Every structure is written in C-alpha cells, then in structure tokens.
>>> print(open('data.cif').read())   # mmCIF, C-alpha atoms and all ligand atoms
data_work
#
loop_
_atom_site.label_atom_id
_atom_site.label_comp_id
_atom_site.auth_asym_id
_atom_site.auth_seq_id
_atom_site.Cartn_x
_atom_site.Cartn_y
_atom_site.Cartn_z
CA MET A 7 -9.28 3.73 1.72
CA ASN A 8 -9.06 5.77 -1.47
CA SER A 9 -10.41 4.41 -4.75
CA THR A 10 -7.00 3.55 -6.26
CA ILE A 11 -6.17 1.33 -3.31
CA HIS A 12 -9.70 -0.11 -3.50
CA GLU A 13 -9.20 -1.02 -7.15
CA ALA A 14 -5.79 -2.52 -6.46
CA VAL A 15 -7.22 -4.65 -3.65
CA ASP A 16 -10.13 -5.72 -5.88
CA GLY A 17 -7.70 -6.57 -8.68
CA LEU A 18 -5.56 -8.67 -6.35
CA TYR A 19 -8.62 -10.40 -4.95
CA ASP A 20 -9.81 -11.22 -8.50
CA LEU A 21 -6.39 -12.74 -9.25
CA ILE A 22 -6.52 -15.03 -6.23
CA TYR A 23 -10.25 -15.75 -6.50
CA PRO A 24 -11.18 -15.25 -10.16
CA PRO A 25 -14.86 -14.26 -10.55
CA LYS A 26 -17.14 -17.14 -11.46
CA CYS A 27 -20.73 -17.42 -12.60
CA ILE A 28 -22.79 -17.91 -9.42
CA ILE A 29 -24.93 -20.51 -11.20
CA CYS A 30 -22.65 -22.74 -13.26
CA GLY A 31 -19.25 -21.90 -11.75
CA GLU A 32 -17.61 -21.03 -15.10
CA LEU A 33 -15.07 -18.20 -14.93
CA ASN A 34 -16.95 -15.01 -15.74
CA PRO A 35 -16.05 -11.38 -14.90
CA HIS A 36 -19.75 -10.45 -14.36
CA TYR A 37 -20.59 -13.30 -11.95
CA LEU A 38 -23.44 -14.39 -14.21
CA CYS A 39 -22.75 -15.85 -17.66
CA ALA A 40 -24.75 -15.30 -20.84
CA SER A 41 -25.71 -18.96 -21.08
CA CYS A 42 -27.20 -18.94 -17.55
CA ILE A 43 -29.03 -15.66 -18.29
CA GLY A 44 -30.39 -17.40 -21.39
CA LYS A 45 -32.03 -20.01 -19.13
CA ILE A 46 -34.32 -17.42 -17.48
CA ASP A 47 -37.90 -18.21 -18.51
CA PRO A 48 -40.43 -15.49 -19.31
CA VAL A 49 -43.47 -15.02 -17.03
CA PRO A 50 -46.01 -17.64 -18.21
CA ARG A 51 -48.90 -16.37 -20.33
CA PRO A 52 -51.66 -15.41 -20.09
CA PHE A 53 -50.93 -12.68 -17.57
CA CYS A 54 -52.91 -9.72 -16.22
CA LEU A 55 -52.51 -6.76 -18.59
CA ARG A 56 -52.30 -4.45 -15.60
CA CYS A 57 -50.04 -6.11 -13.02
CA GLY A 58 -48.36 -8.74 -15.22
CA HIS A 59 -49.14 -11.68 -12.92
CA PRO A 60 -50.33 -14.92 -14.48
CA THR A 61 -54.13 -14.99 -14.59
CA HIS A 62 -57.03 -16.08 -16.76
CA GLY A 63 -58.81 -13.25 -18.53
CA LEU A 64 -57.56 -9.75 -19.19
CA THR A 65 -57.13 -8.44 -15.65
CA CYS A 66 -56.77 -10.28 -12.37
CA ARG A 67 -59.11 -9.86 -9.41
CA THR A 68 -56.64 -7.68 -7.47
CA CYS A 69 -56.42 -5.18 -10.32
CA TRP A 70 -60.13 -5.11 -11.10
CA GLY A 71 -61.49 -1.60 -10.54
CA ARG A 72 -58.25 -0.13 -9.23
CA SER A 73 -57.20 3.03 -10.97
CA ARG A 74 -54.81 5.16 -8.94
CA SER A 75 -51.72 3.05 -9.29
CA PHE A 76 -49.34 1.92 -12.03
CA THR A 77 -50.59 1.87 -15.61
CA ALA A 78 -48.88 -1.49 -15.97
CA ALA A 79 -46.32 -3.61 -14.12
CA ARG A 80 -44.12 -6.30 -15.63
CA ALA A 81 -41.39 -8.71 -14.53
CA SER A 82 -38.32 -9.44 -16.66
CA GLY A 83 -38.59 -13.18 -16.07
CA ASP A 84 -40.08 -16.00 -14.10
CA TYR A 85 -38.93 -16.27 -10.49
CA GLY A 86 -37.08 -19.54 -10.07
CA GLY A 87 -33.76 -21.20 -10.83
CA VAL A 88 -31.29 -18.61 -12.13
CA LEU A 89 -33.27 -15.44 -11.24
CA LYS A 90 -34.13 -16.65 -7.74
CA GLN A 91 -30.51 -17.46 -6.90
CA ALA A 92 -29.15 -14.28 -8.50
CA ILE A 93 -31.69 -12.02 -6.76
CA HIS A 94 -30.94 -13.70 -3.45
CA ASP A 95 -27.18 -13.18 -3.79
CA PHE A 96 -27.71 -9.61 -5.00
CA LYS A 97 -30.11 -8.65 -2.24
CA TYR A 98 -28.92 -10.60 0.77
CA GLY A 99 -25.47 -11.90 -0.16
CA GLY A 100 -23.86 -8.49 -0.61
CA MET A 101 -23.04 -9.23 -4.27
CA ARG A 102 -23.34 -5.70 -5.53
CA ALA A 103 -21.52 -6.68 -8.75
CA LEU A 104 -24.65 -8.58 -9.86
CA ALA A 105 -26.34 -5.22 -10.55
CA ASP A 106 -24.64 -5.21 -13.95
CA PRO A 107 -25.77 -8.56 -15.39
CA LEU A 108 -29.20 -8.26 -13.73
CA ALA A 109 -29.78 -4.80 -15.23
CA HIS A 110 -28.70 -6.32 -18.53
CA GLN A 111 -31.35 -9.03 -18.10
CA MET A 112 -33.97 -6.28 -17.56
CA TYR A 113 -32.70 -4.38 -20.59
CA LEU A 114 -32.92 -7.53 -22.72
CA TYR A 115 -36.48 -8.03 -21.56
CA LEU A 116 -37.44 -4.39 -22.19
CA THR A 117 -35.99 -4.32 -25.69
CA THR A 118 -37.13 -7.74 -26.91
CA ARG A 119 -40.28 -8.94 -25.14
CA CYS A 120 -41.84 -6.12 -23.14
CA ASP A 121 -45.37 -5.20 -24.31
CA ILE A 122 -45.70 -1.84 -22.51
CA PRO A 123 -44.56 1.53 -23.98
CA TRP A 124 -41.76 2.07 -21.44
CA ARG A 125 -39.78 4.19 -23.94
CA ARG A 126 -42.25 7.02 -23.33
CA ALA A 127 -40.85 7.44 -19.81
CA ASP A 128 -39.56 10.92 -18.96
CA PHE A 129 -37.38 9.50 -16.23
CA ILE A 130 -36.44 6.31 -14.41
CA ALA A 131 -37.05 6.11 -10.64
CA PRO A 132 -35.94 3.29 -8.33
CA VAL A 133 -38.26 2.11 -5.56
CA PRO A 134 -36.59 3.78 -2.58
CA ILE A 135 -35.60 1.95 0.59
CA HIS A 136 -35.26 3.63 3.97
CA HIS A 137 -31.81 5.11 4.53
CA THR A 138 -31.15 3.04 7.67
CA ARG A 139 -31.69 -0.16 5.69
CA GLU A 140 -29.51 1.17 2.90
CA ARG A 141 -26.77 1.84 5.44
CA VAL A 142 -26.91 -1.74 6.72
CA ARG A 143 -26.88 -3.29 3.24
CA GLY A 144 -24.49 -0.71 1.83
CA TYR A 145 -26.61 -0.12 -1.27
CA ASN A 146 -30.15 0.13 -2.60
CA GLN A 147 -30.36 -2.71 -5.11
CA SER A 148 -33.22 -1.03 -7.02
CA ARG A 149 -31.17 2.13 -7.44
CA LEU A 150 -28.20 0.16 -8.81
CA LEU A 151 -30.50 -1.47 -11.38
CA ALA A 152 -32.10 1.89 -12.23
CA GLU A 153 -28.68 3.57 -12.68
CA ASN A 154 -27.56 0.86 -15.08
CA LEU A 155 -30.84 0.97 -16.99
CA SER A 156 -30.63 4.73 -17.30
CA ARG A 157 -27.19 4.35 -18.86
CA MET A 158 -28.38 1.57 -21.20
CA THR A 159 -31.63 3.25 -22.35
CA GLY A 160 -30.56 6.90 -22.25
CA ILE A 161 -33.62 7.75 -20.13
CA PRO A 162 -32.56 10.09 -17.30
CA LEU A 163 -32.51 8.87 -13.71
CA ASP A 164 -34.26 10.69 -10.87
CA ASP A 165 -33.59 8.82 -7.66
CA SER A 166 -35.12 11.40 -5.35
CA ALA A 167 -38.45 12.15 -7.06
CA VAL A 168 -40.11 9.64 -4.74
CA ILE A 169 -38.63 8.93 -1.31
CA ARG A 170 -39.37 6.55 1.55
CA HIS A 171 -39.78 8.57 4.71
CA ARG A 172 -40.98 5.96 7.12
CA ARG A 173 -39.19 2.79 8.03
CA THR A 174 -41.36 -0.22 7.29
CA ARG A 175 -40.93 -3.78 8.48
CA PRO A 176 -39.62 -6.16 5.82
CA GLN A 177 -42.63 -7.18 3.70
CA VAL A 178 -41.48 -10.81 3.76
CA GLU A 179 -42.39 -11.08 7.47
CA LEU A 180 -45.98 -9.93 7.03
CA THR A 181 -49.35 -11.21 5.86
CA ARG A 182 -51.00 -9.59 2.87
CA ARG A 183 -53.26 -7.39 5.02
CA GLU A 184 -50.39 -6.33 7.27
CA ARG A 185 -48.32 -5.47 4.21
CA LEU A 186 -50.88 -2.94 3.02
CA ILE A 187 -51.12 -1.28 6.45
CA ASN A 188 -47.34 -1.36 6.79
CA LEU A 189 -46.93 0.48 3.49
CA ARG A 190 -49.60 3.13 3.89
CA SER A 191 -47.98 6.54 3.56
CA ALA A 192 -44.48 5.02 3.45
CA PHE A 193 -43.59 7.02 0.32
CA SER A 194 -43.79 10.66 -0.58
CA VAL A 195 -42.96 12.99 -3.44
CA PRO A 196 -41.09 15.99 -1.96
CA GLU A 197 -41.44 18.20 -5.05
CA PRO A 198 -44.66 17.34 -6.94
CA GLU A 199 -43.79 19.74 -9.79
CA ARG A 200 -40.95 17.35 -10.72
CA VAL A 201 -43.40 14.53 -11.48
CA LYS A 202 -46.41 16.52 -12.68
CA GLY A 203 -47.62 15.25 -16.07
CA LYS A 204 -44.61 12.92 -16.33
CA THR A 205 -44.42 9.28 -17.32
CA VAL A 206 -42.28 7.34 -14.88
CA LEU A 207 -40.46 4.05 -15.35
CA LEU A 208 -40.37 2.67 -11.81
CA ILE A 209 -37.71 0.01 -11.16
CA ASP A 210 -37.65 -2.62 -8.43
CA ASP A 211 -35.64 -5.79 -7.90
CA VAL A 212 -38.25 -8.26 -6.75
CA ALA A 213 -41.93 -7.54 -6.13
CA THR A 214 -43.46 -10.27 -4.02
CA THR A 215 -47.09 -9.16 -3.99
CA CYS A 216 -46.76 -5.97 -6.00
CA SER A 217 -48.07 -4.01 -2.99
CA THR A 218 -44.85 -1.96 -2.74
CA LEU A 219 -45.00 -1.16 -6.46
CA ARG A 220 -48.69 -0.29 -6.18
CA GLU A 221 -48.18 2.00 -3.20
CA CYS A 222 -45.12 3.72 -4.66
CA SER A 223 -46.98 4.21 -7.97
CA ARG A 224 -50.07 5.48 -6.17
CA THR A 225 -47.93 8.11 -4.43
CA LEU A 226 -46.48 9.26 -7.77
CA ILE A 227 -49.92 9.39 -9.44
CA SER A 228 -51.41 11.27 -6.47
CA ALA A 229 -48.57 13.80 -6.80
CA GLY A 230 -49.56 14.40 -10.44
CA ALA A 231 -47.58 11.83 -12.49
CA HIS A 232 -49.39 10.97 -15.71
CA ASN A 233 -48.35 7.31 -16.03
CA VAL A 234 -46.25 4.87 -14.06
CA TYR A 235 -44.78 1.81 -15.77
CA ALA A 236 -43.31 -0.48 -13.13
CA VAL A 237 -40.72 -3.07 -14.11
CA CYS A 238 -39.00 -5.50 -11.76
CA LEU A 239 -36.64 -8.42 -12.20
CA ALA A 240 -39.19 -10.94 -10.99
CA PHE A 241 -42.42 -11.15 -9.01
CA GLY A 242 -41.05 -13.42 -6.30
CA ALA A 243 -42.80 -16.29 -4.60
ZN ZN B 1 -23.29 -19.58 -15.81
ZN ZN B 2 -53.48 -7.81 -12.03
#
>>> encode(input="data.cif", output="structure tokens")
Amino acid sequence: MNSTIHEAVDGLYDLIYPPKCIICGELNPHYLCASCIGKIDPVPRPFCLRCGHPTHGLTCRTCWGRSRSFTAARASGDYGGVLKQAIHDFKYGGMRALADPLAHQMYLYLTTRCDIPWRRADFIAPVPIHHTRERVRGYNQSRLLAENLSRMTGIPLDDSAVIRHRRTRPQVELTRRERLINLRSAFSVPEPERVKGKTVLLIDDVATTCSTLRECSRTLISAGAHNVYAVCLAFGA
C-alpha cells in the first residue's frame, strides 16, 4: 500500500474509532492526554547519583567501584500507573503512536527536572534491538523515542553508532546473573572513530535492572566514547 492510501485508511479509521487517551478514555489525538501525563510521579529521592535508582547514600552498591559504563543514568518518571500502562501498550500492544507523547514526557523530564548535563551530548543513540525482533514488532521503540527527542532537542541522531549483533533472550525471562551472561558482547561499535571522544545520550524505553544500559554504555566507552548519559522512560519493576 502506498503512503497516501495508508493515510486515507488511517483517517477513516480515526473517524470510526476516534483516538482516545489509553488511561482515562477522553478523546485525544495522541492517545495519552496532558492531564494523565501530569500524573506521572518522579523517581523517589534520594537516588543513586550514578544509576538513578532509589538508594540511601550517594551511590548504590551495584554502582560502587564500577567505572567503565555510563556516567549517569536517569528515568523520566516512576514506573507505575500511567507510565507502566503506556510503556506496556507501546512495547507489547503495537501502539507505535505512543512514541510521540512518551518522547514528550522524556523531553519534559530532561528540560525541567533532569540533574545531569545531557545537553553536552554530541549525538543521541537508541539502545538497539536485534533486527529479527524489530521485524516481529515492526519497530524499535527506543529508536522511535530517540528520533522524536532528536527533533525536540536539536541534538543529532546516530542510530547505527552502536549495534546489537547477537540475538539475546528477552531479559524479562532471566535471573540477574543470567542477564549479565546473556548480554556479554551483545553490542558492538562498528566504526569506533564515530564515537571517539564523544558524549552520547543513550535512550531506552524501560530499563528493568539497568544491565542493558550498562552493557551498551560499556561498549561505547570501550570504543572510545568520552561520556554516556543514559535516559529511559522508567526503570521498570
Ligand atoms: Zn488521559
Ligand atoms: Zn547505582
């Protein structure tokens, strides 16, 4: 089908089934209304200055002594209620259209509450997924968020600086130890000169244990990146 027909079909579909906010059911063209976005809570303080997870003290035990990974990681909001439902529909429910309001939620967070110097980033990179998984889902949700954020912030996008070259089992199915083994050497940087000395803003949708963000960041740092700031929608449960 060409894009004109696609748009016509979408337009007709919207007429018959007008888009509604997935949370409150009010008519809304973006599937998530401003008042529901306003109900997203920030990550409770105090949190680890490195990984952004709630902890007592300055850094959590997982981050203690680790150096070759992200400089800092943060989540745009607390996982629960609105964010949990929206991420679920975006990731597993095929609701690609949620990329827009969810990227907006990240942008709001970055520009109003974020305590890390993300504006120094030379480029934005999404956490890559393996192409077979992308084919099944039809899209890489992190790339959609990164594309939108690039447009909103004016920071260029590089979605092939870091790639995933090995298919890994879904992290959700694994224990913490298995996750680390599963991820080892899952990512690579095909052209290290593209990342050398650069500050990267790494974008992910949901980071359950942060191990994917850590491994992806470690790969970028090992390839010569100067700093990696990782930002996701939420840390997950
Ligand atoms: Zn709503
Ligand atoms: Zn930490």
>>> closest_residue(input="data.cif", among="A:Gln147, A:Gln111, A:Thr181, A:Ser194", to="Ser217 of chain A", atoms="only C-alpha atoms")
A:Thr181
>>> residues_near_ligand(input="data.cif", ligand="ligand ZN 2 (chain B)", cutoff="8 Å", atoms="only C-alpha atoms and all ligand atoms", output="VMD selection string")
chain A and resid 53 to 59 61 65 to 70
>>> closest_residue(input="data.cif", among="A:Gly203, A:Gly230, A:Gly44, A:Pro132", to="Gly87 of chain A", atoms="only C-alpha atoms")
A:Gly44
>>> residues_near_ligand(input="data.cif", ligand="ligand ZN 1 (chain B)", cutoff="9 Å", atoms="all atoms listed in the file", output="NGL selection string")
:A and (26-34 or 37-43 or 88)
>>> atom_distance(input="data.cif", atom1="atom CA of Ser223 of chain A", atom2="atom CA of Ala131 of chain A")
10.5 Å
>>> closest_residue(input="data.cif", among="A:Val133, A:Leu21, A:Leu180, A:Ile227", to="Thr205 of chain A", atoms="all atoms listed in the file")
A:Ile227
